[in-house]
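A short worksheet on the structure shown next.
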Amino acid sequence: GDIAVGSVDAGAAGSVILDASAAGEILDAAADAVVDITAASIDLDAATGVGATAGRQLETSRGNTAYTVDSTAGNIDIDHTAVGAAVSVGALNTGGTGTINFDQTGAQALTITSSTTNHGTITITNDDGNLTATSVTAGNAGDVSLTTTTSGNVLLGSVDATGDQITINSAGAIDDATAANNTNDLVAATIDLTAASGGIGQNNGSVDTNATVSLSAHTTADKGSIHLYETAGAGA
C-alpha cells in the first residue's frame, strides 16, 4: 500500500528509508508545504510514484549525505530544502510514463548523479546554488529542463532528450562539468540555452551539443561569450 508521510525526523546525522516498492506510492499525508522528511540520508523506493498525487508532493530537508529516489512507475515530485551542505542525489529515476520534478532551495549546490525516465519529462531547479547534471536522460517523449534561480551555474555532464527538447536557464553560467572532454554534453532535437551571467562554455572548454533540429543560445545580463561545438549541424 501507500506510505503517507506526516513528519519523519532523523536529525542532522540520521537516515530515513521508506519502501513502498511492492505496490504503492510515497506521498505527503496532507496537501501542505510542511517538511515531511528530515535526515542526512534519504532513500525512497515506490511502485507508483513519489509525491505523484496532485497537491501531495513530498517536502524533504537535509539529504546531504545520501539521497536516492526510485519508482517503478508514476511521477516523482519533491520539494527539497538543503541545510548547511551541498546535496548529491545519487539516483532519481522512474519508469512507465512517469515524470520527475525536483526543486531545491537553501542556497546550496545540487548534483544530480543519475536521473532517468522511461517516457517522461525531467524538470530540476536549484535556487541560489550551482546545479550539476552528471547524467540526466529523459526517454521517448520526454524533455529536460534545468534551471538555477537567484544565482548559480549549470554544469553539464551528459544530458539526453533524444528526439525532444532540452531547455537550460541559468542565473549564472552554463559550462561543461569536465574540462575539454570532447563528448556530447547535450543531445536533443531542440536545445535552448540561456545564461544570465558568465557566458556559455567560457570555462572548461566549449559546451558540446548534438541538436538535430534547432539550437539557440543566449547570454543576457553580462552578454558573456558563447562557445559551442555542435556535432549535428543545427544552427544557433
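Letters for chains follow the order of the C-alpha cells (A, B, ...), residue numbers begin at 1 for each chain, and ligand numbers begin at 1 in the order shown.
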
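Residue neighbourhood of stretch 111-116 of chain A, excluding near-sequence residues (fewer than 6 positions): Val87, Ser88, Val89, Gly90, Ala91, Leu92, Asn93, Thr94, Ile122, Leu131, Thr132, Ala133, Thr134, Ser135, Val136, Thr137, Ala138 and Gly139 of chain A, at 8 Å, using only C-alpha atoms.
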
Compile a residue-level contact table for stretch 106-218 of chain A against stretch 77-84 of chain A at a cut-off of 9 Å, reporting for every qualifying residue the shortest atom pair and its distance in Å to one decimal, with only C-alpha atoms counted, rows ordered by chain and ascending number, as JSON lines.
{"residue": "A:Gly106", "atom": "CA", "partner": "A:Ala82", "partner_atom": "CA", "distance": 4.8}
{"residue": "A:Ala107", "atom": "CA", "partner": "A:Ala82", "partner_atom": "CA", "distance": 7.2}
{"residue": "A:Gln108", "atom": "CA", "partner": "A:Ala82", "partner_atom": "CA", "distance": 6.2}
{"residue": "A:Ala109", "atom": "CA", "partner": "A:Ala82", "partner_atom": "CA", "distance": 8.6}
{"residue": "A:Leu110", "atom": "CA", "partner": "A:Ala82", "partner_atom": "CA", "distance": 8.7}

Mind dumping the selected residues with all heavy atoms as a compact mmCIF listing (two decimals), in the first residue's frame?
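Final output, again.txt:
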# COMPACT_ATOMS: atom_id res chain seq x y z
N GLY A 106 17.58 26.65 -0.43
CA GLY A 106 18.50 26.57 0.69
C GLY A 106 19.90 27.07 0.40
O GLY A 106 20.79 26.99 1.26
N ALA A 107 20.12 27.56 -0.82
CA ALA A 107 21.41 28.19 -1.18
C ALA A 107 22.59 27.23 -1.03
O ALA A 107 23.63 27.58 -0.46
CB ALA A 107 21.63 29.45 -0.35
N GLN A 108 22.42 26.02 -1.55
CA GLN A 108 23.49 25.02 -1.56
C GLN A 108 23.59 24.42 -2.96
O GLN A 108 22.61 24.41 -3.72
CB GLN A 108 23.21 23.91 -0.54
CG GLN A 108 23.16 24.38 0.90
CD GLN A 108 24.51 24.86 1.41
OE1 GLN A 108 25.56 24.42 0.93
NE2 GLN A 108 24.49 25.75 2.40
N ALA A 109 24.76 23.89 -3.28
CA ALA A 109 24.95 23.23 -4.58
C ALA A 109 24.13 21.94 -4.63
O ALA A 109 23.91 21.27 -3.62
CB ALA A 109 26.42 22.92 -4.80
N LEU A 110 23.69 21.60 -5.83
CA LEU A 110 22.93 20.37 -6.07
C LEU A 110 23.57 19.61 -7.22
O LEU A 110 23.78 20.16 -8.30
CB LEU A 110 21.48 20.71 -6.42
CG LEU A 110 20.59 19.55 -6.90
CD1 LEU A 110 20.42 18.49 -5.82
CD2 LEU A 110 19.23 20.08 -7.37

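Nearest to A:Gln57 of all the residues A:Gly11, A:Val5, A:Ile226, A:Asp70 is A:Val5, based on only C-alpha atoms.
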
**Study point:** stretch 171-175 of chain A surroundings by only C-alpha atoms, 10 Å radius, close-in-sequence under 4 positions cut, as a PyMOL selection string
**Key:** chain A and resi 126-132+147-157+179+185+193-208+219-222+224+226-228

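Nearest residue to A:Ala4 among A:Glu230, A:Asp28, A:Asp19, A:Asp43 is A:Asp28, counting only C-alpha atoms.
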
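Across A:Gly163, A:Gly74, A:Gly95, A:Gly63, the tightest approach to A:Gly14 is made by A:Gly63 when counting only C-alpha atoms.
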
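Taking atom CA of A:Asp160 and atom CA of A:Gly96 as endpoints, the distance between them is 17.7 Å.
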
Practice item. Between A:Asn184, A:Ser61, A:Thr123, A:Gln165, single out the one closest to A:Ala141, counting only C-alpha atoms. Key: A:Gln165

Check your understanding: Any idea what the distance is between atom CA of A:Asp45 and atom CA of A:Ala31?
Key -> 20.8 Å

**Study point:** Residues near A:Ala20, cut-off 8 Å, only C-alpha atoms, skip fewer than 2 positions along chain, as a ChimeraX atom specification
**Key:** /A:1-3,18,22-26,45-47
